[in-house]
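Take a look at the structure below.
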Amino acid sequence: MKILIDIGHPAHVHYFRNFIKLMEKRGHNFLITAREKEFTHYLLQKYGIEYVSRGKGSKSTIGKIFYLLRGDYALFKNGLKFKPDLLLSFGSSYAAHASKLMGVPHIAFDDTEHAKFEHIMYVPFTKCIITPDSFKKSFGDKHVRFSGTMDMAYLHPGYFKPDIQYLDELQLKNKTYFLLRFVNWSASHDLGQSGFSDKGKRELINYLSQKGEVIISSEGNLPDEFKKYLYKGDPHQIHTILQYAHLFVSESGSMATEAAILGTPSVMVNSSAKYFGVFEYISKFGNLFYFDDETHAIEKINSLLNTDNLKENSAINAQKCISQSINLTAFMVWFAENYSQSFDMMKNNSNYQFNFK
């Protein structure tokens with residue numbers, strides 16, 4: 001089988017990397033197209049995955065329109081040469097449009113309910129959409145749901161092993177440290193959304209720096225006063241840093257759920273968080289706390305830091321979450337290899353997914 005996968009964000013590399021490696025061992029061939037965003041290309045190189053760049057996106061509305069046309073053309077042109085049997089993506093309009101033009105099925109993964117523009121652009125051209133079962137929207141007959149979250153594609157214990165030696169390199173082993181993640185709010189689904197103010201960041205950093213070391217991961221430019229805290233290590237090792245952090249504070253939904261699943265208490269400030277089923281689902285296990293405003297978030301952080309056995313209890317909570325999730329990568333391998341029979345099977349008997357634990 002020949003499969004084209006479009007990658008638009010560093011997180012998407014993690015969603016598909018284990019799937020790609022397993023499928024290649026089973027004799028399947030891939031063409032990976034990837035947007036140049038943050039360290040997406042670096043991660044693909046780190047995991048030994050060959051790719052074709054579809055260039056950088058744009059922050060302006062007009063620039064986004066031109067990039068949409070350019071991205072569509074890039075996928076269609078490369079797709080014609082590759083002649084795929086199947087296209088996969090995480091909600092990529094470029095993959096959806098190319099699949100329609102080539103007459104090839106597109107399977108999309110999604111967990112972002114409020115990405116209305118993306119849904120308008122890709123859903124009509126997509127044969128099958130796979131989401132966590134906590135996803136609050138319905139895509140009708142083309143919708144397939146699974147138990148768990150997208151994080152299980154790479155944080156499942158069968159795939160993820162933290163590198164404790166890396167903490168030695170950063171002189172963090174056996175230290176109390178806090179990881180913070182700030183975003184730049186430039187994605188189309190981020191329009192009108194917000195997180196911490198500069199004042200709130202300052203209050204948060206000053207408070208946490210009295211309790212331990214502060215490390216910041218940031219999409220955009222930080223004020224100069226915060227730059228000394230920037231994470232300068234290997235992006236490939238960020239999940240090791242997440243697992244051993246005493247607490248994670250974030251504007252990013254992706255990393256907030258990752259931290260919770262890795263056993264690190266996670267506090268998120270994001271004005272759109274209440275719309276996400278996956279946040280509601282993971283919060284039930286006791287590791288994720290999300291807020292519309294920074295004031296309540298900082299109050300919760302203070303409460304957590306005064307809780308006995310915080311990390312030990314969070315590790316137990318994480319195991320409960322993992323035990324209720326399927327092995328998503330194994331499920332993806334089965335679903336792709338047997339499409340479209342697998343689609344019919346899931347529609348008729350969704351419990352079949354629990355063969356993949």
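For the structure tokens, the naming scheme is as follows: chains receive sequential letters (A, B, ...) according to their order of presentation, residues are indexed from 1 within each chain, and ligands are indexed from 1 in presentation order.
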>> If you run DSSP on the backbone here, which positions in stretch 68-297 of chain A get strand (DSSP E or B)? Please write them as JSON, numbers by chain.
In response: {"A": [86, 87, 88, 89, 90, 106, 107, 108, 109, 128, 129, 130, 131, 132, 143, 144, 145, 146, 177, 178, 179, 180, 181, 182, 213, 214, 215, 216, 217, 218, 230, 247, 248, 249, 250, 266, 267, 268, 269, 288, 289, 290, 291]}
> Neighbours of stretch 6-13 of chain A within 6 Å (only C-alpha atoms; same-chain residues fewer than 5 positions away dropped), as number ranges by chain?
Replying inline: A: 32-35, 40, 89
Deliver the residues from the most recent selection as a file, using C-alpha atoms, as a CSV table (one decimal), in the first residue's frame.
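Just written: selection-v7.csv:
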```csv
chain,number,residue,atom,x,y,z
A,32,ILE,CA,5.3,12.6,3.9
A,33,THR,CA,4.6,16.2,3.2
A,34,ALA,CA,5.3,18.7,6.0
A,35,ARG,CA,4.7,22.3,6.7
A,40,THR,CA,8.4,19.9,12.7
A,89,SER,CA,-3.7,13.6,8.2
```
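Residue nearest A:Ala260, chosen from A:Phe135, A:Phe16, A:Tyr207, A:Phe285 and counting only C-alpha atoms: A:Phe285.
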>> At a cut-off of 8 Å, using only C-alpha atoms, what residues contact A:His97? Leave out same-chain residues fewer than 2 positions from it and give the result as a ChimeraX atom specification.
In response: /A:72,93-95,99-101,122,125
>> List as a ChimeraX atom specification the protein and nucleic acid residues near A:Arg70, meaning an atom at most 12 Å away when only C-alpha atoms are counted, but skip any in the same chain fewer than 4 places from it.
In response: /A:35,53-58,63-66,74-77,93-94,97-98
Selection file, N, CA and C atoms, as a tab-separated table (two decimals), in the first residue's frame:
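Printed below is out_0.tsv as written:
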```tsv
chain	number	residue	atom	x	y	z
A	35	ARG	N	4.61	20.86	6.60
A	35	ARG	CA	4.74	22.31	6.72
A	35	ARG	C	5.97	22.65	7.56
A	53	SER	N	8.97	19.17	1.96
A	53	SER	CA	8.48	20.39	2.60
A	53	SER	C	7.40	21.05	1.74
A	54	ARG	N	6.34	21.53	2.40
A	54	ARG	CA	5.36	22.35	1.69
A	54	ARG	C	5.47	23.81	2.13
A	55	GLY	N	6.63	24.18	2.69
A	55	GLY	CA	6.92	25.57	2.99
A	55	GLY	C	6.28	26.08	4.27
A	56	LYS	N	6.52	27.36	4.55
A	56	LYS	CA	5.97	28.01	5.73
A	56	LYS	C	4.56	28.51	5.48
A	57	GLY	N	3.80	28.60	6.55
A	57	GLY	CA	2.47	29.20	6.46
A	57	GLY	C	2.57	30.70	6.58
A	58	SER	N	1.45	31.33	6.93
A	58	SER	CA	1.41	32.78	7.07
A	58	SER	C	0.50	33.15	8.23
A	63	GLY	N	-2.32	36.05	3.44
A	63	GLY	CA	-1.23	35.08	3.35
A	63	GLY	C	-1.72	33.66	3.54
A	64	LYS	N	-2.67	33.46	4.45
A	64	LYS	CA	-3.22	32.13	4.68
A	64	LYS	C	-3.95	31.62	3.43
A	65	ILE	N	-4.65	32.51	2.73
A	65	ILE	CA	-5.38	32.12	1.51
A	65	ILE	C	-4.39	31.68	0.43
A	66	PHE	N	-3.33	32.49	0.25
A	66	PHE	CA	-2.33	32.13	-0.75
A	66	PHE	C	-1.61	30.83	-0.38
A	74	ALA	N	1.03	21.81	-3.88
A	74	ALA	CA	2.17	20.99	-3.50
A	74	ALA	C	1.76	19.54	-3.25
A	75	LEU	N	0.64	19.35	-2.54
A	75	LEU	CA	0.20	17.98	-2.27
A	75	LEU	C	-0.31	17.29	-3.53
A	76	PHE	N	-1.04	18.03	-4.34
A	76	PHE	CA	-1.58	17.43	-5.55
A	76	PHE	C	-0.45	17.05	-6.52
A	77	LYS	N	0.52	17.93	-6.68
A	77	LYS	CA	1.64	17.66	-7.59
A	77	LYS	C	2.44	16.45	-7.12
A	93	SER	N	-6.69	20.28	5.41
A	93	SER	CA	-7.47	20.63	4.22
A	93	SER	C	-6.68	20.33	2.95
A	94	TYR	N	-5.35	20.45	3.04
A	94	TYR	CA	-4.50	20.19	1.87
A	94	TYR	C	-4.62	18.72	1.45
A	97	HIS	N	-8.23	18.11	0.04
A	97	HIS	CA	-8.43	18.62	-1.32
A	97	HIS	C	-7.68	17.76	-2.34
A	98	ALA	N	-6.44	17.39	-2.00
A	98	ALA	CA	-5.66	16.56	-2.92
A	98	ALA	C	-6.32	15.20	-3.12
```
>> Calculated over only C-alpha atoms, which of the candidates A:Ile238, A:Cys321, A:Ala297, A:Ile3 has the smallest distance to A:Ile261?
In response: A:Cys321
>> At a cut-off of 9 Å, using only C-alpha atoms, what residues contact A:Thr131? Leave out same-chain residues fewer than 6 positions from it and give the result as a ChimeraX atom specification.
In response: /A:108-111,143-147,149-150
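Here atom CA of A:Tyr67 and atom CA of A:Leu80 stand 19.6 Å from one another.
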